[in-house]
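Step one of this worksheet: look at the structure below.
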Amino acid sequence: MAPTTRARAVNAGLVPTELHALYYGQRAGAGLIITEGAWVSERAIGFVHVPGVYSEEQVAGWRRVTEVVHALGGRIVLQLWHTGAASHPDHLGGERPAGPSAINPQELSFTAGGFKETVTPREMTRSDIATTIADYRAASENARRAGFDGVEIHALGSFLIPQFLNPRLNRRSDSYGSDRTRLLLDIIDAAAAPWDGRCLGVRLSPYWTSGDHFTADEQTLADYDGLVTELNAHPVAYLHLRGPGPAAPGATPDLDAFARWRQRFDGPLIVNHGFDRASGNAVIEAGIADAVSFGTHFIANPDLVTRFALNRTPATGDPATYYTGGADGYVDYPVSDRAGDTPSVR
């Protein structure tokens, strides 16, 4: 199960609730659940009603989630998230967000007042960077104490780590600019420290395209070639790759795009974006990936594994309820009826 932001931590402390335990428990059959991104600190916040993992109350809330998933035979890792310059002062008590350089990423931040344009951030100091790395380590330790089976570093989209990887946003003159991969690698090493063995995954999106700053040009892909190769020298349990997705609705994902990274990473590879049952089987059978993650399908199909096993058509979710904060469209999707595709009553 791929991470999907659902904005259900509707409380002042951004604490996971019984709704979260029910939601993930319903999907324990996924084999491995990767949770929605959780804030590593208050400075990381950049989206409304997303839970954190920096307070004792949050740790207790997540512990309830892991207990339920484990009782139902599942495994679950916590994704660690920091939005960096893609945040907004509304999330930070009026303070400007911080990023690699004082360059506006020109993204949209989902605030309590709706989507708002990002502002020019302040450039992170070396002290800010050291604090952020320490925040990831503390969040990873909190995830271990909450009973998770591991953590995943959120390094995709237009958020903090991709901002540092991006030469159009990272104009620093120090070692975090001359080596744009350094922040991610330092975070990996710090966040892996609380665990015995390899319990840390990394999620990347080399093909991400957004606005004027994020584009999957040849230089970007070449930079990711080097980064993925370098991951082999760090304690990374798996690489979770968001690919370019299908060229058109209903089209098969470009398996050659994923094969590019299979050749460079020595560990387990999870692929994501646009897969269905048939294309998921194909990428596994071709030896390109070790697993496939599904996000949108799991929103509307808590029993997705069963539906795939019986070759039943997955249900379709309602995007209007993705971030609405309640039980509707979150924990009330039905499971498939034993006799066929007819869903059971909610």
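Note on naming: chains are A, B, ... as they come in the structure tokens, residues start from 1 per chain, ligands start from 1 in the order shown.
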Determine, counting only C-alpha atoms, which protein, DNA and RNA residues have an atom within 12 Å of an atom of Ala251 of chain A; residues of the same chain fewer than 6 positions away are not included. Present the result as a compact mmCIF listing (two decimals) with N, CA and C atoms, in the first residue's frame.
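The result, stored in selection37.txt:
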# COMPACT_ATOMS: atom_id res chain seq x y z
N PRO A 244 7.00 7.58 -14.24
CA PRO A 244 6.33 8.60 -15.04
C PRO A 244 4.85 8.37 -15.19
N GLY A 245 4.38 7.16 -14.89
CA GLY A 245 2.96 6.88 -15.04
C GLY A 245 2.59 6.61 -16.48
N HIS A 273 2.83 3.96 -9.55
CA HIS A 273 2.24 4.99 -10.40
C HIS A 273 1.62 4.41 -11.66
N GLY A 274 0.30 4.24 -11.60
CA GLY A 274 -0.45 3.85 -12.78
C GLY A 274 -0.60 2.36 -13.00
N PHE A 275 -0.18 1.54 -12.05
CA PHE A 275 -0.26 0.09 -12.23
C PHE A 275 -1.65 -0.43 -11.89
N ASP A 276 -2.03 -1.49 -12.59
CA ASP A 276 -3.21 -2.26 -12.23
C ASP A 276 -2.75 -3.71 -12.03
N ALA A 278 -2.83 -6.37 -14.01
CA ALA A 278 -2.09 -6.96 -15.13
C ALA A 278 -0.70 -6.36 -15.27
N SER A 279 -0.61 -5.04 -15.25
CA SER A 279 0.70 -4.41 -15.41
C SER A 279 1.59 -4.64 -14.19
Using only C-alpha atoms, which residues sit within 8 Å of His297 of chain A once same-chain residues fewer than 3 positions away are excluded, as a short mmCIF file (atom, residue, chain, number, x, y, z; two decimals) with N, CA and C atoms, in the first residue's frame?
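Result written to around09.cif:
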data_model
loop_
_atom_site.label_atom_id
_atom_site.label_comp_id
_atom_site.auth_asym_id
_atom_site.auth_seq_id
_atom_site.Cartn_x
_atom_site.Cartn_y
_atom_site.Cartn_z
N PHE A 294 0.32 0.28 -4.51
CA PHE A 294 -0.91 0.87 -5.02
C PHE A 294 -1.42 1.89 -4.01
N ALA A 300 -10.18 3.13 -2.19
CA ALA A 300 -11.56 2.66 -2.37
C ALA A 300 -11.71 1.15 -2.22
N ASN A 301 -10.60 0.45 -2.01
CA ASN A 301 -10.65 -1.02 -1.96
C ASN A 301 -9.83 -1.52 -0.77
N LEU A 304 -8.23 -4.87 -1.52
CA LEU A 304 -7.67 -4.88 -2.87
C LEU A 304 -6.97 -6.20 -3.20
N PRO A 314 -11.57 -3.37 -9.41
CA PRO A 314 -11.54 -2.52 -8.23
C PRO A 314 -12.60 -1.42 -8.29
N ALA A 315 -13.09 -1.04 -7.12
CA ALA A 315 -14.03 0.08 -7.04
C ALA A 315 -13.28 1.38 -7.26
N THR A 316 -14.02 2.45 -7.55
CA THR A 316 -13.44 3.77 -7.79
C THR A 316 -13.72 4.68 -6.61
N GLY A 317 -12.70 5.40 -6.16
CA GLY A 317 -12.85 6.30 -5.02
C GLY A 317 -13.47 7.63 -5.42
#
Just the residues within 6 Å of Phe164 of chain A, please, counting only C-alpha atoms, with nothing from its chain fewer than 6 positions along; format it as a short mmCIF file (atom, residue, chain, number, x, y, z; two decimals) with C-alpha atoms, in the first residue's frame.
data_model
loop_
_atom_site.label_atom_id
_atom_site.label_comp_id
_atom_site.auth_asym_id
_atom_site.auth_seq_id
_atom_site.Cartn_x
_atom_site.Cartn_y
_atom_site.Cartn_z
CA PRO A 100 17.75 25.30 0.42
CA ASN A 170 19.37 24.84 -4.53
CA ARG A 180 22.96 18.35 -3.63
#
- Task: Enumerate, as a PyMOL selection string, the complete set of residues in segment 99-199 of chain A that a backbone-based DSSP assignment places in helix (DSSP H, G or I).
- Result: chain A and resi 126-145+160-165+175-178+182-192
Resulting file, chosen residues, N, CA and C atoms, as a compact mmCIF listing (two decimals), in the first residue's frame:
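Contents of the output file part_8.txt:
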# COMPACT_ATOMS: atom_id res chain seq x y z
N ARG A 126 23.25 26.48 8.29
CA ARG A 126 23.82 25.18 8.60
C ARG A 126 23.23 24.63 9.89
N SER A 127 22.92 25.52 10.82
CA SER A 127 22.27 25.09 12.06
C SER A 127 20.88 24.54 11.78
N ASP A 128 20.13 25.19 10.88
CA ASP A 128 18.81 24.69 10.49
C ASP A 128 18.92 23.28 9.92
N ILE A 129 19.92 23.07 9.08
CA ILE A 129 20.09 21.76 8.44
C ILE A 129 20.42 20.70 9.49
N ALA A 130 21.31 21.04 10.41
CA ALA A 130 21.66 20.08 11.47
C ALA A 130 20.44 19.75 12.33
N THR A 131 19.63 20.76 12.62
CA THR A 131 18.41 20.52 13.40
C THR A 131 17.44 19.63 12.64
N THR A 132 17.30 19.86 11.33
CA THR A 132 16.40 19.05 10.51
C THR A 132 16.84 17.60 10.48
N ILE A 133 18.12 17.35 10.30
CA ILE A 133 18.63 15.98 10.31
C ILE A 133 18.36 15.32 11.66
N ALA A 134 18.56 16.08 12.74
CA ALA A 134 18.26 15.55 14.07
C ALA A 134 16.77 15.27 14.24
N ASP A 135 15.93 16.11 13.63
CA ASP A 135 14.48 15.88 13.69
C ASP A 135 14.12 14.55 13.02
N TYR A 136 14.74 14.25 11.89
CA TYR A 136 14.47 12.98 11.23
C TYR A 136 14.92 11.80 12.10
N ARG A 137 16.05 11.93 12.74
CA ARG A 137 16.50 10.84 13.61
C ARG A 137 15.54 10.64 14.77
N ALA A 138 15.10 11.75 15.39
CA ALA A 138 14.17 11.65 16.51
C ALA A 138 12.83 11.07 16.06
N ALA A 139 12.36 11.49 14.88
CA ALA A 139 11.10 10.96 14.36
C ALA A 139 11.21 9.47 14.07
N SER A 140 12.35 9.04 13.56
CA SER A 140 12.56 7.62 13.29
C SER A 140 12.57 6.82 14.58
N GLU A 141 13.22 7.35 15.59
CA GLU A 141 13.22 6.70 16.91
C GLU A 141 11.80 6.63 17.47
N ASN A 142 11.03 7.71 17.29
CA ASN A 142 9.64 7.70 17.74
C ASN A 142 8.82 6.64 17.00
N ALA A 143 9.08 6.48 15.71
CA ALA A 143 8.39 5.46 14.94
C ALA A 143 8.72 4.06 15.47
N ARG A 144 9.96 3.85 15.83
CA ARG A 144 10.35 2.55 16.40
C ARG A 144 9.63 2.32 17.72
N ARG A 145 9.57 3.35 18.55
CA ARG A 145 8.88 3.21 19.83
C ARG A 145 7.38 3.01 19.66
N LEU A 160 10.91 19.18 0.69
CA LEU A 160 12.24 19.60 1.15
C LEU A 160 13.39 18.88 0.45
N ILE A 161 13.39 17.56 0.49
CA ILE A 161 14.54 16.84 -0.06
C ILE A 161 14.67 17.04 -1.56
N PRO A 162 13.59 16.92 -2.36
CA PRO A 162 13.72 17.24 -3.79
C PRO A 162 14.12 18.69 -4.05
N GLN A 163 13.78 19.60 -3.16
CA GLN A 163 14.23 20.99 -3.32
C GLN A 163 15.75 21.05 -3.24
N PHE A 164 16.34 20.31 -2.31
CA PHE A 164 17.81 20.28 -2.21
C PHE A 164 18.43 19.58 -3.42
N LEU A 165 17.74 18.60 -3.99
CA LEU A 165 18.27 17.89 -5.15
C LEU A 165 18.17 18.71 -6.43
N SER A 175 28.64 22.93 1.15
CA SER A 175 28.69 21.54 0.73
C SER A 175 27.31 20.95 0.46
N TYR A 176 26.25 21.58 0.98
CA TYR A 176 24.90 21.11 0.68
C TYR A 176 24.40 21.66 -0.65
N GLY A 177 25.21 22.51 -1.28
CA GLY A 177 24.93 22.98 -2.63
C GLY A 177 25.85 22.33 -3.65
N SER A 178 27.13 22.20 -3.30
CA SER A 178 28.06 21.56 -4.23
C SER A 178 27.75 20.06 -4.37
N ARG A 182 23.65 15.51 -0.55
CA ARG A 182 24.17 15.33 0.80
C ARG A 182 23.06 15.33 1.86
N LEU A 183 22.07 16.23 1.74
CA LEU A 183 21.03 16.28 2.77
C LEU A 183 20.31 14.94 2.85
N LEU A 184 19.89 14.40 1.73
CA LEU A 184 19.19 13.12 1.75
C LEU A 184 20.06 12.03 2.35
N LEU A 185 21.31 11.95 1.95
CA LEU A 185 22.18 10.90 2.46
C LEU A 185 22.43 11.06 3.95
N ASP A 186 22.59 12.30 4.42
CA ASP A 186 22.76 12.52 5.86
C ASP A 186 21.49 12.13 6.62
N ILE A 187 20.32 12.43 6.04
CA ILE A 187 19.06 12.06 6.68
C ILE A 187 18.91 10.54 6.73
N ILE A 188 19.27 9.85 5.65
CA ILE A 188 19.19 8.39 5.63
C ILE A 188 20.02 7.80 6.76
N ASP A 189 21.26 8.24 6.87
CA ASP A 189 22.15 7.68 7.88
C ASP A 189 21.63 7.97 9.29
N ALA A 190 21.10 9.17 9.50
CA ALA A 190 20.60 9.54 10.82
C ALA A 190 19.33 8.76 11.16
N ALA A 191 18.41 8.66 10.21
CA ALA A 191 17.13 8.00 10.47
C ALA A 191 17.28 6.49 10.56
N ALA A 192 18.33 5.92 9.98
CA ALA A 192 18.55 4.48 10.07
C ALA A 192 19.15 4.07 11.41
- Query: From the list A:Pro235, A:Ser210, A:Glu230, A:Ala286, which residue is nearest Pro194 of chain A when using only C-alpha atoms?
  - Reply: A:Pro235
- d(atom CA of Val119 of chain A, atom CA of Gln58 of chain A) in Å: 29.0 Å
